[in-house]
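Structure, as structure tokens:
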Amino acid sequence: MENEVKSLNKKHIIRRIVMAIYCVTIICIMFFVTFHMYVPSQNSLVALSSVCMDAVCTTILIIVISSFAFGNYRSNRTTRLFLGMLTATIWALFLDFLNWAFDGSLEWGTMTYWFTVGSLCMGSILASIFSLYLGSYVEEMHDIREIRPRAAICAVLNVISFILTFILALTGNAFVFVDGHYVTGDLYNLITVIPILTLFYQTGYIIINIKRIGLHDIVAVTGYIGFMIIGVLIEASYNIGTSYVAIAIADIFIFVMLQNEIIATEKRLVEEWKVKSNTDELTGFNNRHAYENDMGILEDNPVDENFVYVSIDVNSLKKTNDTLGHAAGDEMLIGAAECLKKSFSLYGRLYRIGGDEFIALIFADEKQLEFIKKDIRDNANRWSGKMVSALSLSCGYVTKKEAAKMSVRQMASLADQRMYEAKRAYYDSLSLI
């Protein structure tokens, strides 16, 4: 076990070192190109704005991806695909950055050509990874397993689009270079239509399943895809590098959404743990831990004169366990809990603090208390189970009005005494029969 932990720690360290080298290398290259190789006079203002947007988005995504490397995130399939999508987006931004940085340069024309080819191909790669991520996310969050094969088909179509993009780019049908600038060719639209159609298909499938998925995730997915399409349309219309910038912003949006989900999940788990740690599993009542906490609060604060401490015990539970079995005994305890809930729940809190021991901390005046005493007797007399036919409860009541000078703990002790007196009277009545 110790060796496995050391191995995992070693993998985490290696992963962080590789990620740090990866991020620092990209940033260093971008700074070097920007300050030593980039010549503003050779580019238009559009190219300059594209370079700046790519640089800013790349830096932000590197910070985001570093948080995965150094943070304690759950390493499941969805998280790994999202991390892969972030990494691919950084590469797309990086290639787009180099493309625009050398745009119009005859000296670096050959390099610009290959940067352009790589930048165009990254669109299909991003769409492929996003298809898989979306399928995995929906399956994990909403247990819709039939979406995975659809996501795989979309990913395959995007891989085919990547191959077509590469072939068309090399043959000059996707774009051609004129004085160091790339000009789109006749088949350029064919390259972009496949990824967009696959994204529309997955979005449509998700919208159809709105009842199973919910509006929150549908708005997030449609917003993400809408952002990408807007970026592509702006770049196609105005020849400014907004496609990958839009995808980067959408990635950041998803990251923020994931953070919110992680926080919400952690809060929910904490609340569930609190409830579980304070709840008796058999009856659903508050347990001894909750009882001690509440007693501490009552001890530290003034108590209303209508406060009543009630100690309750289930009669003949041991005999039932010994003769009919523990299942019958559990039935008696559940029956007792049902009766107590009917009589006391409107007036205060109920606790099971031991095997057959219950406590009620309630607030009731004299008239209400008399009604409660009668009601609990009637409920117990009416109760009948499958294995046990009768139920009897012994109760000890102490009001703050009669024990004004007593602490809550002293009231508890007096209530126990009265409960045991009622219990003895119950067993004495049985011996007379």
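In the structure tokens, each chain is lettered A, B, ... as it comes, each chain's residues begin at 1, and ligands are numbered from 1 in order of appearance.
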I'd like a table as CSV: residues in segment 45-103 of chain A with an atom no more than 7 Å from segment 244-261 of chain A, each row giving the shortest atom pair and its distance in Å to one decimal, only C-alpha atoms counted, sorted by chain and rising residue number.
residue,atom,partner,partner_atom,distance
A:Met53,CA,A:Val245,CA,6.7
A:Asp54,CA,A:Val245,CA,6.3
A:Cys57,CA,A:Ala248,CA,6.3
A:Leu86,CA,A:Asp251,CA,6.9
A:Thr89,CA,A:Ala248,CA,6.4
A:Ala92,CA,A:Tyr244,CA,6.6
A:Leu93,CA,A:Tyr244,CA,5.9
Same residues, C-alpha atoms, saved as a PDB file, in the first residue's frame:
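The new file out.pdb reads:
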ATOM      1  CA  MET A  53      -6.144  38.176 -28.513  1.00  0.00           C
ATOM      2  CA  ASP A  54      -4.411  34.825 -29.096  1.00  0.00           C
ATOM      3  CA  CYS A  57      -6.302  33.775 -24.284  1.00  0.00           C
ATOM      4  CA  LEU A  86      -7.905  22.785 -23.001  1.00  0.00           C
ATOM      5  CA  THR A  89      -7.218  24.841 -27.575  1.00  0.00           C
ATOM      6  CA  ALA A  92      -4.801  25.994 -31.735  1.00  0.00           C
ATOM      7  CA  LEU A  93      -4.313  29.462 -30.254  1.00  0.00           C
TER       8      LEU A  93
END
### Message
I'd like the neighbourhood of Met122 of chain A as a ChimeraX atom specification, where a residue qualifies if any of its atoms comes within 9 Å (using only C-alpha atoms), though same-chain residues fewer than 3 positions away should be ignored.
### Response
/A:88-89,91-92,95,117-119,125-127,162
### Task
Can you pull out every residue within 10 Å of segment 376-379 of chain A, counting only C-alpha atoms, but drop anything in the same chain fewer than 6 positions away, and send it as a PyMOL selection string?
chain A and resi 335-336+338-344+391-395
### Query
Could you name the residues that touch segment 265-276 of chain A at 12 Å or less, counting only C-alpha atoms, but leaving out those on the same chain fewer than 2 positions away, as a list in words?
Met141, Leu258, Gln259, Asn260, Glu261, Ile262, Ile263, Asn278, Thr279, Asp280, Glu281, Leu282, Gly284, Phe285, Asn286, Asn287, His289 and Ala290 of chain A
### Task
Considering only C-alpha atoms, state which residue in the set A:Val46, A:Val308, A:Ile21, A:Ile210 is at the smallest distance from Thr242 of chain A.
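Closest to Thr242 of chain A of all the choices is A:Val46.
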From the DSSP assignment of the backbone, select every residue of segment 372-421 of chain A that is strand (DSSP E or B), and format the answer as a CSV table (one decimal) with C-alpha atoms, in the first residue's frame.
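Result file is states_13.csv:
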chain,number,residue,atom,x,y,z
A,393,LEU,CA,-44.4,3.0,25.8
A,394,SER,CA,-43.3,4.2,29.2
A,395,CYS,CA,-43.0,8.0,29.4
A,396,GLY,CA,-41.6,10.5,32.0
A,397,TYR,CA,-42.5,14.1,31.7
A,398,VAL,CA,-40.8,17.1,33.4
A,399,THR,CA,-42.0,20.7,32.7
### Task
Have a look at atom CA of Ile60 of chain A and atom CA of Gly84 of chain A and let me know their distance in Å, one decimal.
15.8 Å
### Task
Apply DSSP to the structure's backbone, then extract all residues of segment 93-253 of chain A labelled helix (DSSP H, G or I) and return them as a ChimeraX atom specification.
/A:93-101,109-142,147-171,188-208,210-213,215-238,243-253
### Non-local contacts of segment 195-207 of chain A (9 Å; only C-alpha atoms; under 4 positions in same chain excluded) as an NGL selection string
:A and (123-124 or 126-128 or 130-131 or 134-135 or 138 or 147 or 150-151 or 153-155 or 157-158 or 161 or 191 or 211 or 213-215 or 217-218 or 221-222 or 225 or 229)
Save the residues we just selected, C-alpha atoms, as a PDB file, in the first residue's frame?
ATOM      1  CA  GLY A 123     -10.540  23.162 -35.720  1.00  0.00           C
ATOM      2  CA  SER A 124     -11.530  19.578 -36.553  1.00  0.00           C
ATOM      3  CA  LEU A 126     -11.091  20.520 -31.207  1.00  0.00           C
ATOM      4  CA  ALA A 127     -14.543  19.564 -32.488  1.00  0.00           C
ATOM      5  CA  SER A 128     -13.633  15.867 -32.182  1.00  0.00           C
ATOM      6  CA  PHE A 130     -15.424  18.352 -27.664  1.00  0.00           C
ATOM      7  CA  SER A 131     -17.815  15.724 -29.077  1.00  0.00           C
ATOM      8  CA  LEU A 134     -19.860  16.353 -24.301  1.00  0.00           C
ATOM      9  CA  GLY A 135     -20.912  12.700 -24.558  1.00  0.00           C
ATOM     10  CA  VAL A 138     -23.897  14.023 -20.278  1.00  0.00           C
ATOM     11  CA  ILE A 147     -25.180   9.462 -26.100  1.00  0.00           C
ATOM     12  CA  ARG A 150     -23.373   9.243 -30.990  1.00  0.00           C
ATOM     13  CA  ALA A 151     -20.466  11.250 -29.601  1.00  0.00           C
ATOM     14  CA  ILE A 153     -19.592   8.921 -34.479  1.00  0.00           C
ATOM     15  CA  CYS A 154     -19.294  12.726 -34.335  1.00  0.00           C
ATOM     16  CA  ALA A 155     -15.651  12.401 -33.264  1.00  0.00           C
ATOM     17  CA  LEU A 157     -16.573  12.497 -38.636  1.00  0.00           C
ATOM     18  CA  ASN A 158     -14.389  15.274 -37.273  1.00  0.00           C
ATOM     19  CA  SER A 161     -12.723  16.404 -41.558  1.00  0.00           C
ATOM     20  CA  ILE A 191     -13.741  22.050 -44.124  1.00  0.00           C
ATOM     21  CA  LYS A 211     -36.577  16.427 -19.452  1.00  0.00           C
ATOM     22  CA  ILE A 213     -30.882  16.588 -18.850  1.00  0.00           C
ATOM     23  CA  GLY A 214     -32.426  19.801 -17.547  1.00  0.00           C
ATOM     24  CA  LEU A 215     -32.379  23.394 -18.728  1.00  0.00           C
ATOM     25  CA  ASP A 217     -26.860  22.024 -18.960  1.00  0.00           C
ATOM     26  CA  ILE A 218     -28.728  22.668 -22.215  1.00  0.00           C
ATOM     27  CA  VAL A 221     -23.995  23.550 -24.144  1.00  0.00           C
ATOM     28  CA  THR A 222     -25.918  25.757 -26.580  1.00  0.00           C
ATOM     29  CA  ILE A 225     -21.500  26.003 -29.288  1.00  0.00           C
ATOM     30  CA  ILE A 229     -20.103  29.513 -34.284  1.00  0.00           C
TER      31      ILE A 229
END
